[in-house]
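Structure first, commentary second.
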Protein chains: 2
Amino acid sequence: MALERELAALHAKEAALVFTSGYVANETTLQTLGAMLPGCEIYSDAFNHASMIAGIRHSGAVRKIFRHNDLAHLEQLLAAADPKTPKIVAFESVYSMDGDISPIGEICELAHRYGALAYLDEVHAVGMYGLRGAGVAERDGALDKVDIVQGTLAKAFGVVGGYIASTEATIDFVRSCGSGFIFSTSMPPAIAAAALASIRYVSAHSELRVRHQERAATLKRRLAAAGLPVMPSVTHIVPVSVGDAALCKQASDLLMDRHSIYVQPINYPTVPRGTERLRLTPTPLHSDDDMARLVAALQDVWQTLGLGLRAAAE
Amino acid sequence: MALERELAALHAKEAALVFTSGYVANETTLQTLGAMLPGCEIYSDAFNHASMIAGIRHSGAVRKIFRHNDLAHLEQLLAAADPKTPKIVAFESVYSMDGDISPIGEICELAHRYGALAYLDEVHAVGMYGLRGAGVAERDGALDKVDIVQGTLAKAFGVVGGYIASTEATIDFVRSCGSGFIFSTSMPPAIAAAALASIRYVSAHSELRVRHQERAATLKRRLAAAGLPVMPSVTHIVPVSVGDAALCKQASDLLMDRHSIYVQPINYPTVPRGTERLRLTPTPLHSDDDMARLVAALQDVWQTLGLGLRAAAE
């Protein structure tokens, strides 16, 4: 259909397949490939999203976890394996809880050197990175190195649904064998048309991506200037450290009750215990006034809860 | 949110939870309950949908399959079990491939007699059965006997998404522990508003349901009068028997190529081998002319492929 052709073209792939969500796209694709490729081994980044973990687990494939973004560890695991078994290396471009980015080209090259397929989740990057919004793989010139790319229509594109893009043969395989695709109602035409219009708009307006990065950089600078413990991030994802689950929930509640600002608390199991945080994700449309109000509200919450403020110059 | 309140009220339950699809609602709920209730056993109708089977399998719970709509077999299995283990009986109201209906009230009563929760999939019934379109449980006066009801916003309601409705405690439990809910982007406001408007419209217009049943009965009568092997069905689902996978696919292709009518072939694994069929599902808006064209096209296909036509009077 037109939407799938547009997605394939966006990622410079032969074909694409639309699912009800990005979660279902990850779960169904990894489950199907892992179960159907005889003896398949899946090499999974330690910080991979729950939907990839679900797919890998349900596939019954051998799962090997490499330390987050650690190429040396990944190579060590790949080198120890039987060269003849089918392999998939599954990872993300933008990690949504920390805001860091993987070395896509290097991971793909490593995967290919050991005969593995490279499976990349660009959920937090499509629409937001790359000249046409195809994600970090486009920005980094690695589009052609990725074997299967997965994305969402629900975040930057603002509609609903998820997808994969790859070769004709791979897409046909998942279409024919993926339970989470076959046994689910397909997207209604009005929503497919909305998604298609949104992709074309977002893709054509790279000034939105420039503005998005500027807004994120400005927010990080303002938070740091106010002494708030903003965590390092090279993306639009701006985590602010709390380090305690109960306090993190209280901070979120106070922001809502006292300041009418909704920020979800990020606690275990989404992040490791002791690294609880609030996660801010500015959009291109957030104004300087919005940010001033947010920073003042966070300062108030931090003071109310007795959380530490850094020296403003730090 | 307003949509979840509306769904809870539709099914006369305390609360509801919206998922990205009916498939995800079934898989996530059964997986979560089956995994989190210690020692849980799930009693599953042999014809249950793939999404329920996926949830039960991934839960790791003990799975016991009872023969389709066979109360005696279900009771035999329940009676043999330890009365102290948590149990769920999972079944559907309208079975989508055969068009038959389960005895909802009796299955629920049996489940409760043995201390089991009754979990009912009404995907092929919501919007279409019951005075307000709450499904077969409403039509049969069994709404209050069902512990957890699952439905879709994508079929009769024509939008996208799925849901469950149950007690506050059960909904809160699945909301807090269900991976397929927690780690997926929630429905955007425009789509939630569309679903809400659709439910209110469909619920208020019971004449659509009357017309729907009349259209299905008319189609069955016309198919039988033309000698086509329409299979017995007490619902709007009208299966026409082919009995061979290759011929079923050819029949579907011929209908499309020669008559521009799209009817999916239903082959294994969706139905048992040897029972391959075309499945027709008339809507309230299909006209007598539409049906005449369909019946003539099917006769042409049947003759072209050398499939048997019954005597018209049979």
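Labels for the structure tokens follow display order: chains A, B, ..., residues from 1 in each chain, ligands from 1.
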
Quiz prompt | Long-range neighbours of Lys64 (chain B) as a list of chain:residue names, 7 Å cut-off, only C-alpha atoms, 6 positions minimum in chain | solution =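 Answer for this query is B:Ile42, B:Tyr43, B:Ser44.
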
Grab the residues selected above and save them as a JSON list (two decimals), in the first residue's frame with C-alpha atoms.
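Output contents, as saved in result-v9.json:
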```
[["chain", "number", "residue", "atom", "x", "y", "z"],
["B", 42, "ILE", "CA", -5.73, -21.56, 32.03],
["B", 43, "TYR", "CA", -8.59, -23.55, 30.47],
["B", 44, "SER", "CA", -8.74, -22.62, 26.81]]
```

Quiz item: Near chain A, which residues of chain B fall within 9 Å when you count only C-alpha atoms, and what do they look like as a list in words?
Solution: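 The answer, sorted by residue number, is Thr20, Ser21, Gly22, Tyr23, Val24, His49, Ala50, Ser51, Ala54, Arg57, His58, Ala154, Lys155, Gly158, Val159, Val160, Gly161, Ser179, Gly180, Phe183, Ser184, Thr185, Ser186, Met187, Pro188, Ala190 and Ile191 of chain B.
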
Quiz item: Could you write out, as a PyMOL selection string, all the residues of region 59-105 of chain A that DSSP marks as alpha helix (DSSP H)?
Solution: chain A and resi 59+71-79+104-105

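When only C-alpha atoms are used to measure the gap to Gln150 (chain B), the shortest distance among B:Glu138, B:Glu92, B:Asp100, B:Asp172 belongs to B:Glu92.
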
Quiz item: Per DSSP on the backbone, what are the strand (DSSP E) residues of region 62-130 of chain B, as a count of residues only?
Solution: 17

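The spacing separating CA of Ala16 (chain A) from CA of Ala204 (chain A) amounts to 20.0 Å.
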
Self-check item: Distance query region 248-253 of chain A at most 8 Å, only C-alpha atoms, self and fewer than 3 positions along chain excluded, as number ranges by chain
Solution: A: 242-245, 256-257, 262-267, 276-278, 301-302, 305

Practice problem: Rounded to one decimal place, report the CA of Val146 (chain B)-CA of Cys108 (chain B) distance in Å. | Solution: 6.3 Å
